[in-house]
$ cat my_file_16.cif   # mmCIF, C-alpha atoms and all ligand atoms
data_model
loop_
_atom_site.label_atom_id
_atom_site.label_comp_id
_atom_site.auth_asym_id
_atom_site.auth_seq_id
_atom_site.Cartn_x
_atom_site.Cartn_y
_atom_site.Cartn_z
CA MET A 1 8.57 13.63 -17.20
CA ALA A 2 5.64 12.18 -15.26
CA LYS A 3 6.55 9.03 -13.41
CA PRO A 4 4.56 5.88 -14.20
CA LYS A 5 2.01 4.87 -11.59
CA ILE A 6 2.45 1.52 -9.87
CA ALA A 7 -0.61 0.21 -8.02
CA LEU A 8 0.00 -2.39 -5.33
CA ILE A 9 -3.21 -4.15 -4.32
CA GLY A 10 -2.59 -5.66 -0.91
CA GLY A 11 -0.52 -3.69 1.57
CA GLY A 12 0.68 -6.62 3.66
CA GLN A 13 4.16 -8.07 3.84
CA ILE A 14 4.82 -8.40 0.11
CA GLY A 15 2.94 -5.27 -0.95
CA SER A 16 4.70 -3.02 1.52
CA THR A 17 8.12 -4.52 0.75
CA MET A 18 7.45 -3.88 -2.93
CA ALA A 19 6.58 -0.28 -2.12
CA THR A 20 9.89 0.04 -0.28
CA LEU A 21 11.95 -1.44 -3.11
CA ALA A 22 10.08 0.60 -5.73
CA ALA A 23 10.76 3.76 -3.73
CA LEU A 24 14.45 2.99 -3.26
CA ARG A 25 14.76 2.53 -7.04
CA GLU A 26 12.41 5.43 -7.85
CA LEU A 27 10.59 3.14 -10.26
CA GLY A 28 7.44 5.23 -10.26
CA ASP A 29 4.75 6.77 -8.09
CA VAL A 30 3.24 4.11 -5.83
CA VAL A 31 -0.34 3.60 -4.66
CA LEU A 32 -0.63 1.02 -1.90
CA TYR A 33 -4.20 -0.21 -1.54
CA ASP A 34 -5.53 -2.45 1.21
CA ILE A 35 -8.89 -3.31 2.65
CA VAL A 36 -7.74 -2.69 6.24
CA PRO A 37 -8.52 0.92 7.25
CA ASP A 38 -5.45 3.11 7.81
CA LEU A 39 -2.93 0.30 7.21
CA PRO A 40 -1.72 1.41 3.75
CA GLN A 41 -1.80 5.05 4.84
CA GLY A 42 0.41 4.22 7.81
CA LYS A 43 2.82 2.19 5.72
CA THR A 44 3.22 4.83 3.03
CA LEU A 45 3.54 7.63 5.58
CA ASP A 46 6.38 5.77 7.27
CA LEU A 47 8.04 4.99 3.93
CA ALA A 48 7.72 8.57 2.67
CA GLN A 49 9.62 9.78 5.70
CA ALA A 50 12.58 7.61 4.69
CA GLY A 51 12.81 9.62 1.45
CA PRO A 52 15.00 12.44 2.74
CA VAL A 53 17.39 9.91 4.27
CA GLU A 54 17.51 7.42 1.43
CA ASN A 55 17.33 10.18 -1.16
CA PHE A 56 14.28 9.03 -3.09
CA ASP A 57 11.54 11.33 -4.25
CA ILE A 58 8.36 9.69 -5.45
CA ARG A 59 4.69 10.16 -4.69
CA LEU A 60 3.46 7.55 -2.20
CA THR A 61 -0.26 7.13 -1.57
CA GLY A 62 -1.93 4.76 0.86
CA SER A 63 -5.58 4.08 0.15
CA ASN A 64 -8.68 2.06 0.98
CA ARG A 65 -10.42 3.17 -2.22
CA LEU A 66 -9.86 1.07 -5.31
CA GLU A 67 -10.58 4.08 -7.53
CA ASP A 68 -7.19 5.46 -6.45
CA ILE A 69 -5.48 2.94 -8.75
CA ALA A 70 -6.86 4.86 -11.76
CA GLY A 71 -4.21 5.59 -14.36
CA ALA A 72 -1.85 2.87 -13.14
CA ALA A 73 0.48 1.52 -15.81
CA ILE A 74 0.96 -1.59 -13.79
CA VAL A 75 -1.05 -3.31 -11.05
CA VAL A 76 0.42 -5.93 -8.73
CA VAL A 77 -1.99 -8.10 -6.76
CA THR A 78 -0.87 -9.56 -3.44
CA ALA A 79 -4.24 -9.26 -1.72
CA GLY A 80 -5.17 -12.44 0.08
CA VAL A 81 -4.23 -14.57 3.02
CA PRO A 82 -0.79 -16.19 3.21
CA ARG A 83 0.04 -19.73 4.34
CA ARG A 84 0.59 -20.81 7.92
CA PRO A 85 2.63 -23.87 8.92
CA GLY A 86 0.95 -27.06 7.78
CA MET A 87 -1.00 -25.35 5.00
CA SER A 88 -0.44 -25.88 1.30
CA ARG A 89 -0.92 -23.08 -1.22
CA GLU A 90 -4.03 -24.97 -2.36
CA ASP A 91 -5.65 -24.54 1.08
CA LEU A 92 -5.96 -20.83 0.32
CA VAL A 93 -8.04 -21.22 -2.83
CA GLU A 94 -11.56 -20.53 -1.48
CA THR A 95 -10.68 -17.42 0.52
CA ASN A 96 -8.31 -15.91 -1.98
CA ALA A 97 -10.66 -16.54 -4.91
CA ARG A 98 -13.31 -14.39 -3.25
CA ILE A 99 -10.77 -11.66 -2.61
CA MET A 100 -9.58 -11.88 -6.22
CA ALA A 101 -13.15 -11.50 -7.49
CA ALA A 102 -13.47 -8.14 -5.71
CA VAL A 103 -10.02 -6.99 -6.75
CA ALA A 104 -10.39 -8.00 -10.42
CA ALA A 105 -13.64 -6.07 -10.72
CA GLY A 106 -11.87 -2.99 -9.37
CA ILE A 107 -8.94 -3.34 -11.77
CA ARG A 108 -11.27 -3.79 -14.70
CA GLN A 109 -13.18 -0.67 -13.78
CA HIS A 110 -10.38 1.64 -12.71
CA ALA A 111 -7.23 0.54 -14.56
CA PRO A 112 -8.48 -1.00 -17.80
CA GLU A 113 -5.21 -0.42 -19.67
CA ALA A 114 -2.87 -1.76 -16.99
CA VAL A 115 -0.49 -4.71 -17.12
CA VAL A 116 -1.38 -6.94 -14.16
CA ILE A 117 0.99 -9.16 -12.19
CA VAL A 118 -0.57 -11.56 -9.70
CA LEU A 119 1.23 -13.02 -6.67
CA SER A 120 -1.67 -14.22 -4.54
CA ASN A 121 -1.64 -17.96 -3.95
CA PRO A 122 -2.44 -20.52 -5.16
CA LEU A 123 -0.78 -18.58 -7.94
CA ASP A 124 -1.77 -20.52 -11.04
CA ALA A 125 -5.44 -20.46 -10.06
CA MET A 126 -5.47 -16.82 -8.92
CA VAL A 127 -3.93 -15.51 -12.11
CA THR A 128 -6.38 -17.58 -14.17
CA LEU A 129 -9.25 -16.07 -12.23
CA CYS A 130 -7.85 -12.57 -12.56
CA GLN A 131 -7.61 -12.84 -16.34
CA ARG A 132 -11.12 -14.32 -16.63
CA LEU A 133 -12.69 -11.70 -14.38
CA THR A 134 -10.90 -8.66 -15.78
CA GLY A 135 -11.41 -9.90 -19.34
CA PHE A 136 -8.03 -8.34 -20.21
CA PRO A 137 -6.01 -9.82 -23.06
CA ALA A 138 -3.83 -12.61 -21.68
CA HIS A 139 -0.56 -10.89 -22.54
CA ARG A 140 -1.49 -8.19 -19.97
CA VAL A 141 -2.25 -10.60 -17.08
CA MET A 142 0.55 -12.75 -15.73
CA GLY A 143 1.71 -14.40 -12.53
CA MET A 144 4.97 -14.15 -10.62
CA ALA A 145 6.39 -17.49 -9.54
CA GLY A 146 9.21 -18.58 -11.81
CA VAL A 147 11.47 -15.61 -11.07
CA LEU A 148 11.26 -16.44 -7.37
CA ASP A 149 11.54 -20.21 -7.76
CA SER A 150 14.54 -19.70 -10.06
CA ALA A 151 16.15 -17.31 -7.58
CA ARG A 152 15.70 -19.91 -4.85
CA PHE A 153 17.29 -22.61 -7.03
CA ALA A 154 20.17 -20.27 -7.90
CA THR A 155 20.72 -19.43 -4.22
CA PHE A 156 20.99 -23.09 -3.23
CA ILE A 157 23.35 -23.82 -6.15
CA ALA A 158 25.58 -20.88 -5.22
CA TRP A 159 25.78 -22.05 -1.59
CA GLU A 160 26.57 -25.62 -2.63
CA LEU A 161 29.34 -24.55 -5.02
CA GLY A 162 30.71 -21.68 -2.93
CA VAL A 163 30.32 -19.16 -5.77
CA SER A 164 28.58 -15.81 -6.00
CA VAL A 165 24.83 -15.87 -6.64
CA ARG A 166 25.56 -13.25 -9.29
CA ASP A 167 27.13 -15.84 -11.55
CA VAL A 168 24.48 -18.55 -11.26
CA LYS A 169 21.73 -18.88 -13.86
CA ALA A 170 18.90 -21.27 -13.21
CA MET A 171 15.36 -21.64 -14.48
CA VAL A 172 12.29 -23.19 -12.91
CA LEU A 173 9.17 -23.82 -14.98
CA GLY A 174 5.72 -25.36 -14.48
CA GLY A 175 3.18 -24.65 -11.76
CA HIS A 176 3.99 -22.81 -8.53
CA GLY A 177 3.63 -25.84 -6.29
CA ASP A 178 5.63 -28.81 -5.13
CA THR A 179 5.63 -30.15 -8.70
CA MET A 180 7.48 -27.14 -10.16
CA VAL A 181 10.21 -28.17 -12.61
CA PRO A 182 13.76 -26.86 -12.14
CA ILE A 183 15.45 -27.35 -15.54
CA VAL A 184 18.63 -28.97 -14.29
CA ARG A 185 20.49 -29.10 -17.60
CA PHE A 186 20.21 -25.32 -18.04
CA ALA A 187 21.60 -24.49 -14.58
CA ASN A 188 25.04 -22.98 -15.03
CA VAL A 189 27.69 -20.79 -13.44
CA ASN A 190 28.75 -18.27 -16.05
CA GLY A 191 28.06 -20.85 -18.74
CA ILE A 192 29.62 -23.86 -17.00
CA PRO A 193 26.92 -26.52 -16.36
CA VAL A 194 26.26 -27.00 -12.64
CA LEU A 195 26.21 -30.77 -13.07
CA ASP A 196 29.79 -30.65 -14.45
CA LEU A 197 30.91 -28.54 -11.49
CA LEU A 198 29.24 -30.91 -9.02
CA THR A 199 30.85 -33.91 -10.74
CA ARG A 200 34.28 -32.27 -10.34
CA LYS A 201 33.55 -31.39 -6.75
CA TYR A 202 32.48 -34.92 -5.80
CA GLY A 203 34.61 -36.79 -8.38
CA ASP A 204 31.62 -38.91 -9.31
CA GLU A 205 28.65 -38.21 -11.58
CA GLY A 206 26.27 -40.37 -9.56
CA ARG A 207 26.97 -38.39 -6.39
CA ALA A 208 26.66 -35.13 -8.36
CA ARG A 209 23.19 -36.17 -9.50
CA GLU A 210 22.20 -37.04 -5.93
CA VAL A 211 23.29 -33.60 -4.73
CA MET A 212 21.39 -31.98 -7.59
CA THR A 213 18.28 -33.95 -6.61
CA GLN A 214 18.59 -32.51 -3.10
CA LEU A 215 18.94 -28.96 -4.47
CA VAL A 216 15.85 -29.48 -6.62
CA ALA A 217 13.85 -30.84 -3.66
CA ARG A 218 14.88 -27.91 -1.47
CA THR A 219 13.85 -25.50 -4.24
CA GLN A 220 10.44 -27.16 -4.57
CA ASN A 221 9.89 -26.84 -0.82
CA ALA A 222 11.63 -23.48 -0.38
CA GLY A 223 8.44 -21.53 0.31
CA GLY A 224 7.34 -24.09 2.89
CA GLU A 225 10.75 -23.98 4.58
CA VAL A 226 10.31 -20.24 5.16
CA VAL A 227 6.70 -20.65 6.33
CA ASP A 228 7.81 -23.23 8.92
CA LEU A 229 10.45 -20.86 10.27
CA LEU A 230 8.35 -17.68 10.28
CA ARG A 231 5.24 -19.43 11.65
CA THR A 232 3.05 -16.34 11.18
CA GLY A 233 3.22 -15.84 7.42
CA SER A 234 5.12 -16.69 4.27
CA ALA A 235 8.17 -15.37 2.43
CA PHE A 236 7.94 -11.73 1.44
CA VAL A 237 11.29 -10.11 0.61
CA SER A 238 12.23 -12.52 -2.17
CA PRO A 239 8.71 -12.54 -3.70
CA ALA A 240 8.65 -8.73 -3.60
CA ALA A 241 12.06 -8.44 -5.26
CA SER A 242 11.07 -11.00 -7.90
CA ALA A 243 7.83 -9.21 -8.73
CA LEU A 244 9.65 -5.91 -8.90
CA ALA A 245 12.06 -7.32 -11.51
CA MET A 246 8.98 -8.03 -13.63
CA VAL A 247 7.53 -4.58 -12.99
CA GLU A 248 10.81 -3.01 -14.05
CA ALA A 249 10.99 -5.16 -17.20
CA VAL A 250 7.55 -3.89 -18.23
CA LEU A 251 7.96 -0.23 -17.23
CA HIS A 252 11.39 0.05 -18.87
CA ASP A 253 10.51 -2.16 -21.84
CA GLN A 254 13.54 -4.29 -21.06
CA LYS A 255 12.64 -7.38 -23.15
CA ARG A 256 13.91 -9.58 -20.34
CA LEU A 257 13.57 -13.30 -20.82
CA LEU A 258 12.15 -14.53 -17.53
CA PRO A 259 10.06 -17.47 -16.39
CA VAL A 260 6.54 -16.08 -16.16
CA CYS A 261 3.20 -17.70 -15.37
CA CYS A 262 1.32 -16.97 -18.59
CA LEU A 263 -1.60 -18.33 -20.58
CA LEU A 264 -0.48 -21.12 -22.92
CA GLU A 265 -2.40 -21.59 -26.13
CA GLY A 266 -0.72 -24.63 -27.60
CA GLN A 267 2.85 -23.79 -26.54
CA PHE A 268 4.62 -26.65 -24.79
CA GLY A 269 1.61 -28.81 -25.70
CA VAL A 270 -0.70 -27.00 -23.23
CA GLN A 271 -4.01 -25.45 -24.23
CA GLY A 272 -5.79 -22.82 -22.17
CA TYR A 273 -3.92 -22.98 -18.86
CA TYR A 274 -1.65 -20.58 -17.01
CA VAL A 275 1.75 -22.24 -16.46
CA GLY A 276 5.29 -20.96 -15.87
CA VAL A 277 7.39 -20.84 -19.06
CA PRO A 278 10.10 -18.53 -20.44
CA CYS A 279 8.68 -15.25 -21.77
CA VAL A 280 10.00 -11.98 -23.11
CA LEU A 281 8.67 -9.18 -20.89
CA GLY A 282 8.41 -5.65 -22.23
CA ALA A 283 6.08 -2.68 -22.37
CA GLY A 284 3.31 -4.81 -23.87
CA GLY A 285 3.49 -7.33 -21.02
CA VAL A 286 4.20 -10.87 -22.22
CA GLU A 287 5.50 -10.06 -25.68
CA GLN A 288 6.65 -13.53 -26.60
CA ILE A 289 6.45 -17.04 -25.18
CA VAL A 290 9.79 -18.71 -25.83
CA GLU A 291 9.52 -22.41 -26.60
CA PHE A 292 12.35 -24.93 -26.50
CA ASP A 293 12.47 -28.71 -26.73
CA LEU A 294 12.02 -30.47 -23.42
CA THR A 295 13.78 -33.79 -22.87
CA ASP A 296 11.51 -36.79 -22.27
CA GLU A 297 12.12 -36.57 -18.53
CA GLU A 298 11.47 -32.81 -18.41
CA ARG A 299 8.31 -33.22 -20.50
CA GLN A 300 7.01 -35.85 -18.10
CA LEU A 301 7.69 -33.64 -15.06
CA PHE A 302 6.27 -30.56 -16.79
CA HIS A 303 3.04 -32.30 -17.73
CA HIS A 304 2.72 -33.75 -14.24
CA SER A 305 2.96 -30.16 -12.96
CA VAL A 306 0.42 -28.97 -15.53
CA ALA A 307 -1.96 -31.73 -14.39
CA GLU A 308 -1.76 -30.31 -10.85
CA VAL A 309 -2.49 -26.81 -12.19
CA LYS A 310 -5.54 -28.15 -14.02
CA LYS A 311 -6.85 -29.80 -10.84
CA LEU A 312 -6.41 -26.56 -8.97
CA VAL A 313 -8.09 -24.42 -11.63
CA ASP A 314 -10.97 -26.90 -11.86
CA SER A 315 -11.43 -26.60 -8.09
CA LEU A 316 -12.00 -22.83 -8.26
CA PRO A 317 -15.33 -21.83 -6.71
CA ARG A 318 -17.99 -20.50 -9.10
CA LEU A 319 -18.02 -16.73 -8.73
N1 LIG B 401 -8.56 -6.14 -0.99
C1 LIG B 401 -7.32 -5.66 -0.72
N2 LIG B 401 -6.49 -6.20 0.15
C2 LIG B 401 -6.92 -7.27 0.81
C3 LIG B 401 -8.17 -7.86 0.58
C4 LIG B 401 -9.03 -7.24 -0.36
N3 LIG B 401 -10.23 -7.72 -0.64
N4 LIG B 401 -8.28 -8.93 1.40
C5 LIG B 401 -7.14 -9.03 2.09
N5 LIG B 401 -6.31 -8.02 1.73
C6 LIG B 401 -4.99 -7.67 2.26
C7 LIG B 401 -4.82 -7.96 3.72
O1 LIG B 401 -5.45 -6.96 4.50
C8 LIG B 401 -3.30 -7.95 3.86
O2 LIG B 401 -2.81 -6.67 4.25
O3 LIG B 401 -3.98 -8.45 1.63
C9 LIG B 401 -2.81 -8.30 2.45
C10 LIG B 401 -2.01 -9.57 2.40
O4 LIG B 401 -0.86 -9.36 3.12
P1 LIG B 401 -0.20 -10.48 4.06
O5 LIG B 401 -1.25 -11.14 4.85
O6 LIG B 401 0.94 -9.85 4.77
O7 LIG B 401 0.32 -11.57 2.99
P2 LIG B 401 1.64 -11.50 2.08
O8 LIG B 401 2.73 -12.21 2.77
O9 LIG B 401 1.85 -10.13 1.58
O10 LIG B 401 1.17 -12.47 0.88
C11 LIG B 401 0.11 -12.09 0.01
O11 LIG B 401 0.89 -13.46 -1.79
O12 LIG B 401 2.60 -15.04 -1.87
C12 LIG B 401 1.23 -14.82 -1.75
O13 LIG B 401 0.54 -16.70 -0.39
C13 LIG B 401 0.73 -15.31 -0.41
O14 LIG B 401 -1.58 -15.19 -1.01
C14 LIG B 401 -0.55 -14.55 -0.28
C15 LIG B 401 -0.21 -13.21 -0.95
#

$ encode --input "my_file_16.cif" --output "structure tokens" --more "lines below"
Ligand code: APR
Amino acid sequence: MAKPKIALIGGGQIGSTMATLAALRELGDVVLYDIVPDLPQGKTLDLAQAGPVENFDIRLTGSNRLEDIAGAAIVVVTAGVPRRPGMSREDLVETNARIMAAVAAGIRQHAPEAVVIVLSNPLDAMVTLCQRLTGFPAHRVMGMAGVLDSARFATFIAWELGVSVRDVKAMVLGGHGDTMVPIVRFANVNGIPVLDLLTRKYGDEGRAREVMTQLVARTQNAGGEVVDLLRTGSAFVSPAASALAMVEAVLHDQKRLLPVCCLLEGQFGVQGYYVGVPCVLGAGGVEQIVEFDLTDEERQLFHHSVAEVKKLVDSLPRL
């Protein structure tokens, strides 16, 4: 059986880590595209030579020609510049919008049937632009943020409680910025609410809530924490793994319910903006947007986050 083709647009830190993870899992044949001459060729050549050792056998192509993405079932966009210390995701908007314009035109021309997952920041604005410029139906253009933000929240919860990350479930919704909304009441360890476990640990509900507030704040700043430590770029392993979970859900029609940045058309009271909400991901892309009732506090935080997304989208340059 022919393997599906996965096109990775942007062969930097995230793109090349995705190629590595996709190869290790033999998810499909991978085309790594970048604008820098020889860079994607070098990266795929190196990776291919790990095949005999790691026992994977897929076709790996490095390219500087967008037409090489033709026939891709799925396209992941990480092209753009990452943050440096002191920069917000919003500072990237001008540069990355221009890059997205070029990339979206190429996807539209060469992979018109593909499902597209955008990672370039500022995420909510870049995915909006990608959908507008490709003209693809919205269910086929989505952004990766919530899977990563939720994984970060789950990691911090696991460390705080001294339990395995495998058993922690946590969900983060809203925009991919400092106003993202970790849904505290849903956070659980194999079904046991995290707030209950924190209350037992500290013997006091007030203290438990304080600790939870710290976990939420660390989650909201988790990307920045990595940027400050790395100094020369932003997080790449966890974003790559998170995006690959989405790729796998689509390629294997897994119907996973994941937080995905998708176009809301009335759901959660939002009209016409890309925001992170729970979705069912399968072969068709976003197959369902799953609504649930927000508490008054969650609704307030969610709409505050949406207001930030709107500001960002409204600041997009005219292209
Ligand atoms: N077409 C294709 N690739 C491009 C283009 C373009 N027009 N412009 C830049 N690139 C490439 C760069 O050459 C670089 O190899 O995009 C790659 C980006 O890689 P990194 O700089 O290593 O950035 P990375 O850490 O992978 O992050 C990519 O994802 O999370 C976001 O904020 C992050 O916007 C950033 C993006």

$ residues_near_point --input "my_file_16.cif" --point "(1.9, -15.6, 2.9)" --cutoff "6 Å" --atoms "all atoms listed in the file" --output "ChimeraX atom specification"
/A:82-83,233-234

$ residues_near_ligand --input "my_file_16.cif" --ligand "ligand LIG 401 (chain B)" --cutoff "8 Å" --atoms "all atoms listed in the file" --output "PyMOL selection string"
chain A and resi 9-16+33-36+39+77-83+89+92+96+98-100+102-103+119-123+233-236+239

$ write_last_selection --input "my_file_16.cif" --atoms "C-alpha atoms" --output "tab-separated table (two decimals), keeping the file's coordinate frame"
chain	number	residue	atom	x	y	z
A	9	ILE	CA	-3.21	-4.15	-4.32
A	10	GLY	CA	-2.59	-5.66	-0.91
A	11	GLY	CA	-0.52	-3.69	1.57
A	12	GLY	CA	0.68	-6.62	3.66
A	13	GLN	CA	4.16	-8.07	3.84
A	14	ILE	CA	4.82	-8.40	0.11
A	15	GLY	CA	2.94	-5.27	-0.95
A	16	SER	CA	4.70	-3.02	1.52
A	33	TYR	CA	-4.20	-0.21	-1.54
A	34	ASP	CA	-5.53	-2.45	1.21
A	35	ILE	CA	-8.89	-3.31	2.65
A	36	VAL	CA	-7.74	-2.69	6.24
A	39	LEU	CA	-2.93	0.30	7.21
A	77	VAL	CA	-1.99	-8.10	-6.76
A	78	THR	CA	-0.87	-9.56	-3.44
A	79	ALA	CA	-4.24	-9.26	-1.72
A	80	GLY	CA	-5.17	-12.44	0.08
A	81	VAL	CA	-4.23	-14.57	3.02
A	82	PRO	CA	-0.79	-16.19	3.21
A	83	ARG	CA	0.04	-19.73	4.34
A	89	ARG	CA	-0.92	-23.08	-1.22
A	92	LEU	CA	-5.96	-20.83	0.32
A	96	ASN	CA	-8.31	-15.91	-1.98
A	98	ARG	CA	-13.31	-14.39	-3.25
A	99	ILE	CA	-10.77	-11.66	-2.61
A	100	MET	CA	-9.58	-11.88	-6.22
A	102	ALA	CA	-13.47	-8.14	-5.71
A	103	VAL	CA	-10.02	-6.99	-6.75
A	119	LEU	CA	1.23	-13.02	-6.67
A	120	SER	CA	-1.67	-14.22	-4.54
A	121	ASN	CA	-1.64	-17.96	-3.95
A	122	PRO	CA	-2.44	-20.52	-5.16
A	123	LEU	CA	-0.78	-18.58	-7.94
A	233	GLY	CA	3.22	-15.84	7.42
A	234	SER	CA	5.12	-16.69	4.27
A	235	ALA	CA	8.17	-15.37	2.43
A	236	PHE	CA	7.94	-11.73	1.44
A	239	PRO	CA	8.71	-12.54	-3.70

$ residues_around --input "my_file_16.cif" --residues "range 48-55 of chain A" --least-positions-apart "3" --cutoff "12 Å" --atoms "only C-alpha atoms" --output "VMD selection string"
chain A and resid 19 to 26 29 to 31 40 to 45 58 to 62

$ atom_distance --input "my_file_16.cif" --atom1 "CA of Gly284 in chain A" --atom2 "CA of Val75 in chain A"
13.6 Å

$ closest_residue --input "my_file_16.cif" --among "A:Val227, A:Met18, A:Leu133, A:Ala111" --to "Ala240 in chain A" --atoms "all atoms listed in the file"
A:Met18

$ atom_distance --input "my_file_16.cif" --atom1 "CA of Gly206 in chain A" --atom2 "CA of Phe292 in chain A"
26.8 Å

$ closest_atom_pairs --input "my_file_16.cif" --of "range 155-187 of chain A" --to "range 213-226 of chain A" --cutoff "9 Å" --atoms "all atoms listed in the file" --output "CSV"
residue,atom,partner,partner_atom,distance
A:Phe156,CA,A:Leu215,CA,6.3
A:Ile157,CA,A:Leu215,CA,7.0
A:Glu160,CA,A:Leu215,CA,8.5
A:His176,CA,A:Gln220,CA,8.7
A:Gly177,CA,A:Gln220,CA,7.1
A:Asp178,CA,A:Gln220,CA,5.1
A:Thr179,CA,A:Gln220,CA,7.0
A:Met180,CA,A:Gln220,CA,6.3
A:Val181,CA,A:Gln220,CA,8.1
A:Pro182,CA,A:Val216,CA,6.5
A:Val184,CA,A:Val216,CA,8.2

$ build_atoms --input "my_file_16.cif" --residues "range 127-133 of chain A" --atoms "all heavy atoms" --output "compact mmCIF listing (two decimals), keeping the file's coordinate frame"
# COMPACT_ATOMS: atom_id res chain seq x y z
N VAL A 127 -4.18 -16.29 -10.89
CA VAL A 127 -3.93 -15.51 -12.11
C VAL A 127 -4.95 -15.88 -13.19
O VAL A 127 -5.42 -15.02 -13.94
CB VAL A 127 -2.46 -15.66 -12.59
CG1 VAL A 127 -2.10 -17.04 -13.00
CG2 VAL A 127 -2.16 -14.69 -13.71
N THR A 128 -5.34 -17.14 -13.22
CA THR A 128 -6.38 -17.58 -14.17
C THR A 128 -7.68 -16.80 -13.89
O THR A 128 -8.31 -16.25 -14.81
CB THR A 128 -6.67 -19.09 -13.98
OG1 THR A 128 -5.46 -19.80 -14.16
CG2 THR A 128 -7.72 -19.58 -14.95
N LEU A 129 -8.03 -16.75 -12.62
CA LEU A 129 -9.25 -16.07 -12.23
C LEU A 129 -9.17 -14.57 -12.55
O LEU A 129 -10.12 -13.97 -13.06
CB LEU A 129 -9.42 -16.26 -10.71
CG LEU A 129 -10.78 -16.05 -10.12
CD1 LEU A 129 -11.81 -16.96 -10.79
CD2 LEU A 129 -10.74 -16.35 -8.62
N CYS A 130 -8.03 -14.00 -12.31
CA CYS A 130 -7.85 -12.57 -12.56
C CYS A 130 -8.04 -12.26 -14.04
O CYS A 130 -8.71 -11.29 -14.40
CB CYS A 130 -6.46 -12.13 -12.08
SG CYS A 130 -6.22 -10.37 -12.22
N GLN A 131 -7.48 -13.10 -14.89
CA GLN A 131 -7.61 -12.84 -16.34
C GLN A 131 -9.07 -13.02 -16.77
O GLN A 131 -9.61 -12.21 -17.51
CB GLN A 131 -6.68 -13.77 -17.12
CG GLN A 131 -6.50 -13.36 -18.58
CD GLN A 131 -7.48 -14.02 -19.52
OE1 GLN A 131 -7.92 -15.15 -19.28
NE2 GLN A 131 -7.85 -13.32 -20.58
N ARG A 132 -9.71 -14.08 -16.25
CA ARG A 132 -11.12 -14.32 -16.63
C ARG A 132 -12.00 -13.16 -16.18
O ARG A 132 -12.87 -12.70 -16.91
CB ARG A 132 -11.63 -15.59 -15.96
CG ARG A 132 -11.11 -16.85 -16.62
CD ARG A 132 -11.76 -18.06 -15.94
NE ARG A 132 -11.12 -19.27 -16.39
CZ ARG A 132 -11.23 -20.45 -15.77
NH1 ARG A 132 -11.96 -20.54 -14.66
NH2 ARG A 132 -10.64 -21.51 -16.24
N LEU A 133 -11.78 -12.69 -14.95
CA LEU A 133 -12.69 -11.70 -14.38
C LEU A 133 -12.41 -10.27 -14.86
O LEU A 133 -13.32 -9.45 -14.91
CB LEU A 133 -12.67 -11.75 -12.85
CG LEU A 133 -13.16 -13.09 -12.25
CD1 LEU A 133 -13.01 -13.07 -10.73
CD2 LEU A 133 -14.61 -13.37 -12.61
